[in-house]
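So the structure is just underneath, and the comments pick up after that.
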Amino acid sequence: MTQKTLILGMGLILMLTFDVSVQSIGDCDWLPDFSVEQNADWTPCEQNLNNTTMVLVPPGEFQMGSTQEKIQHAHTLMAQYWFGNANPEGMSFYDGELTTETNRQQITAPYWIDKYEVSNTQYRQCILVGPCAPAMAYPPDNDDPIVSIPHDRAIDYCTWRGGDLPTEIEWEYAARGPDRLIFPYGHEFDSNNANFCDENCEQAWSDQDRDDGFEGVASVDHYSSGISWIGAYNMAGNVSEWTRSQMLPDTSDQYIIRGGSFNDSPDRLRTAWRGFVFAQSRNRDLGFRCAYPFDVIDQGIIDLQEIPQVMFQSFEVDDPVATAGDTIIVS
């Protein structure tokens with residue numbers, strides 16, 4: 001029997017049983033020479049592997065980043081929420097997105113990416129039977145995305161599952177496709193399709209005319225109307241997501257994050273938006289999803305042994321990163 005202690009602020013005995021299974025949904029039998037030219041060429045396909053649902057990303061081409069026109073569109077969104085009027089200086093926020101000749105990306109091989117952001121439940125599995133270190137979790141609901149995970153711990157989890165964090169190229173292609181959608185679901189922002197900074201948000205740029213019912217994160221399977229062309233959820237909003245791409249390749253401990261969060265205005269929920277944070281950042285609005293090689297299923301099944309008993313209890317934790325009201329997962 002393997003026993004771990006998780007702080008959830010309540011006493012609870014929970015039985016966890018993990019089923020090892022592979023299940024296909026949709027037509028995953030792509031042809032070796034198949035490549036999409038537009039989003040409509042693709043019908044989403046998913047595989048369930050060890051309680052994790054992955055969606056397939058087919059080969060294709062796309063122009064990464066934003067044209068000057070789309071940067072102006074982003075500036076208009078920012079001005080609407082941040083300043084209430086146009087501010088030319090704000091244009092510099094998006095300089096890193098500007099499209100150049102080198103931004104044309106050729107995706108030559110298919111790959112998988114998580115359909116959902118990694119949840120508390122999934123990360124706890126890795127703590128209990130895998131190599132993952134303890135981490136802070138906001139909030140304790142099992143279906144919410146795991147957050148406050150530094151970059152190296154996110155990599156540890158993805159490696160355990162047979163993958164890695166996506167590069168920002170892989171992330172952006174999965175979010176927008178060959179059509180270069182501004183948002184995963186289309187070219188215009190729709191507040192019904194994402195968890196962003198609405199009246200429940202305490203930031204100065206909050207949208208006081210919108211209430212989505214979430215003070216923080218939403219469950220990873222919420223906002224089905226906002227899925228991307230490959231069937232991935234919450235690639236706009238909810239939590240920003242780590243990538244494995246460095247801000248300055250090979251010379252920096254800052255990594256690119258994508259997608260925007262419940263703390264952000266719509267301009268940061270665009271598929272081309274690029275943020276960066278230090279590798280050890282543990283932010284309550286920062287999570288991740290994993291990407292995998294196409295043959296991950298052929299590489300073997302993760303041995304998820306049955307965990308007969310897990311004790312949940314509440315006690316004090318001396319963690320300099322934690323603050324009052326935080327939930328800490330400890331081993």
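Every chain in the structure tokens has a letter given in the order shown (A, B, ...), and although residue numbers restart at 1 in each chain, ligands are simply numbered from 1 in the order shown.
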Name all residues at most 12 Å from Arg153 of chain A (count only C-alpha atoms; drop same-chain ones fewer than 6 positions away) and give them as a compact mmCIF listing (two decimals) with N, CA, C and O atoms, in the first residue's frame.
```
# COMPACT_ATOMS: atom_id res chain seq x y z
N TYR A 123 -2.21 15.49 -11.56
CA TYR A 123 -0.92 15.78 -10.93
C TYR A 123 -0.75 14.98 -9.64
O TYR A 123 0.34 14.52 -9.31
N CYS A 126 0.66 11.64 -10.19
CA CYS A 126 2.10 11.65 -10.38
C CYS A 126 2.83 11.78 -9.04
O CYS A 126 3.93 11.22 -8.87
N ILE A 127 2.26 12.50 -8.08
CA ILE A 127 2.86 12.57 -6.75
C ILE A 127 2.80 11.20 -6.07
O ILE A 127 3.76 10.75 -5.46
N GLY A 130 4.33 8.47 -9.18
CA GLY A 130 5.33 8.91 -10.13
C GLY A 130 6.40 9.75 -9.47
O GLY A 130 6.55 9.77 -8.25
N PRO A 131 7.14 10.52 -10.27
CA PRO A 131 8.28 11.27 -9.76
C PRO A 131 7.97 12.70 -9.34
O PRO A 131 8.87 13.45 -8.99
N CYS A 132 6.71 13.10 -9.39
CA CYS A 132 6.39 14.52 -9.20
C CYS A 132 6.57 14.96 -7.75
O CYS A 132 6.17 14.25 -6.81
N ALA A 133 7.13 16.14 -7.59
CA ALA A 133 7.33 16.73 -6.27
C ALA A 133 6.04 17.42 -5.82
O ALA A 133 5.18 17.75 -6.63
N PRO A 134 5.89 17.64 -4.52
CA PRO A 134 4.72 18.36 -4.01
C PRO A 134 4.61 19.73 -4.65
O PRO A 134 5.59 20.31 -5.12
N ALA A 135 3.38 20.22 -4.66
CA ALA A 135 3.14 21.51 -5.31
C ALA A 135 1.93 22.18 -4.70
O ALA A 135 1.08 21.53 -4.09
N MET A 136 1.86 23.49 -4.84
CA MET A 136 0.70 24.22 -4.40
C MET A 136 -0.43 24.03 -5.39
O MET A 136 -0.19 23.84 -6.58
N ILE A 146 -4.20 22.19 -12.28
CA ILE A 146 -3.14 22.34 -11.29
C ILE A 146 -2.38 23.62 -11.63
O ILE A 146 -2.10 23.91 -12.79
N VAL A 147 -2.08 24.41 -10.61
CA VAL A 147 -1.38 25.68 -10.82
C VAL A 147 -0.23 25.79 -9.82
O VAL A 147 -0.02 24.91 -8.99
N THR A 159 7.19 14.35 -18.70
CA THR A 159 8.13 13.28 -18.98
C THR A 159 7.60 11.95 -18.46
O THR A 159 7.69 10.91 -19.13
N TRP A 160 7.03 11.98 -17.26
CA TRP A 160 6.43 10.77 -16.68
C TRP A 160 5.33 10.21 -17.57
O TRP A 160 5.17 9.01 -17.70
N ASP A 164 6.41 15.91 -23.17
CA ASP A 164 7.17 17.09 -22.74
C ASP A 164 6.22 18.27 -22.79
O ASP A 164 5.09 18.16 -23.30
N LEU A 165 6.64 19.39 -22.28
CA LEU A 165 5.88 20.60 -22.53
C LEU A 165 5.94 20.91 -24.02
O LEU A 165 6.95 20.64 -24.68
N TRP A 242 2.62 26.97 -19.45
CA TRP A 242 4.04 26.86 -19.74
C TRP A 242 4.29 26.27 -21.13
O TRP A 242 3.54 25.42 -21.60
N ARG A 244 8.00 24.89 -23.41
CA ARG A 244 9.41 24.60 -23.15
C ARG A 244 10.34 25.55 -23.89
O ARG A 244 11.57 25.37 -23.87
N ALA A 279 11.60 30.63 -14.58
CA ALA A 279 11.36 29.19 -14.50
C ALA A 279 10.81 28.75 -13.15
O ALA A 279 10.05 27.78 -13.07
N GLN A 280 11.17 29.44 -12.09
CA GLN A 280 10.73 29.05 -10.75
C GLN A 280 9.43 29.73 -10.34
O GLN A 280 9.00 29.60 -9.18
N SER A 281 8.79 30.42 -11.25
CA SER A 281 7.53 31.10 -10.92
C SER A 281 6.47 30.09 -10.50
O SER A 281 6.34 29.02 -11.11
N ARG A 282 5.74 30.43 -9.45
CA ARG A 282 4.66 29.58 -8.96
C ARG A 282 3.43 30.46 -8.83
O ARG A 282 3.07 30.90 -7.75
N GLY A 287 -0.66 27.29 -15.33
CA GLY A 287 -0.68 25.83 -15.35
C GLY A 287 0.05 25.32 -16.57
O GLY A 287 0.96 25.96 -17.10
N PHE A 288 -0.39 24.17 -17.09
CA PHE A 288 0.29 23.62 -18.26
C PHE A 288 -0.52 22.47 -18.84
O PHE A 288 -1.45 21.94 -18.23
```
For this session: With a distance cut-off of 8 Å and only C-alpha atoms, select the neighbouring residues of segment 38-42 of chain A, excluding the residue or stretch itself and same-chain residues fewer than 3 positions from it, and output the selection as a PyMOL selection string.
Result: chain A and resi 58+177-179+229-230
Exercise. What is the distance between atom CA of Glu202 of chain A and atom CA of Glu241 of chain A, in Å to one decimal?
Worked result: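 Spanning atom CA of Glu202 of chain A to atom CA of Glu241 of chain A is a straight-line distance of 20.9 Å.
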When you look at Asn142 of chain A with a cut-off of 9 Å (counting only C-alpha atoms), what residues show up, excluding the ones that are within fewer than 5 positions of it in the same chain? I need them as a short mmCIF file (atom, residue, chain, number, x, y, z; two decimals) with C-alpha atoms, in the first residue's frame.
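Below is the file that was written, part18.cif:
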```cif
data_model
loop_
_atom_site.label_atom_id
_atom_site.label_comp_id
_atom_site.auth_asym_id
_atom_site.auth_seq_id
_atom_site.Cartn_x
_atom_site.Cartn_y
_atom_site.Cartn_z
CA SER A 119 -5.82 18.82 -13.53
CA ASN A 120 -5.27 18.48 -9.80
CA THR A 121 -6.30 14.83 -9.99
CA GLN A 122 -3.78 14.04 -12.71
CA SER A 219 -12.75 23.19 -14.41
#
```
Problem set entry | Selected residue, from A:Thr43, A:Ser261, A:Gln80, A:Ser191, that lies nearest to Asn238 of chain A when counting only C-alpha atoms |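 Among A:Thr43, A:Ser261, A:Gln80, A:Ser191, it is A:Ser261 that comes nearest to Asn238 of chain A.
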For this session: Enumerate the residues of segment 137-316 of chain A with a DSSP assignment of helix (DSSP H, G or I), computed from the backbone, and present them as number ranges by chain.
Result: A: 151-160, 168-176, 191-193, 224-226, 266-269, 294-299
For this session: In Å, rounded to a single decimal, give me how far atom CA of Val57 of chain A is from atom CA of Gln125 of chain A.
Result: 25.7 Å
Problem set entry | Counting only C-alpha atoms, the residue of A:Val239, A:Ala232, A:Ala272, A:Cys197 that sits nearest Glu46 of chain A | A:Ala232
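The coordinates place atom CA of Asp152 of chain A at 10.9 Å from atom CA of Asp253 of chain A.
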Problem set entry | Picked from segment 129-230 of chain A by DSSP as strand (DSSP E or B), as a ChimeraX atom specification | /A:135-137,145,164,183,186,198,207
Problem set entry | Long-range neighbours of Gly163 of chain A as a ChimeraX atom specification, 12 Å cut-off, only C-alpha atoms, 3 positions minimum in chain | /A:54,111-114,154-160,166-167,244,289-297,299,302
For this session: Check the smallest atom-to-atom distance from each of A:Gln105, A:Gly260, A:Thr271, A:Tyr116 to Asn48 of chain A using only C-alpha atoms, then report the winner.
Result: A:Tyr116
Exercise. Can you tell me, as a list in words, what residues are no more than 8 Å from Asp198 of chain A when counting only C-alpha atoms, ignoring any on the same chain fewer than 2 positions away?
Worked result: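 Answer for this query is Phe196, Asn200, Cys201, Ser206, Asp207, Gln208, Asp209, Arg210, Asp211, Asp212 and Phe262 of chain A.
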Exercise. Which is closer to Asp285 of chain A than all the others in A:His75, A:Ser240, A:Tyr233, A:Trp205, using only C-alpha atoms?
Worked result: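 Using only C-alpha atoms, Asp285 of chain A sits closest to A:Ser240.
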Exercise. With distances taken over only C-alpha atoms, which of A:Leu269, A:Met235, A:Ile169, A:Cys45 is nearest to Tyr223 of chain A?
Worked result: A:Met235
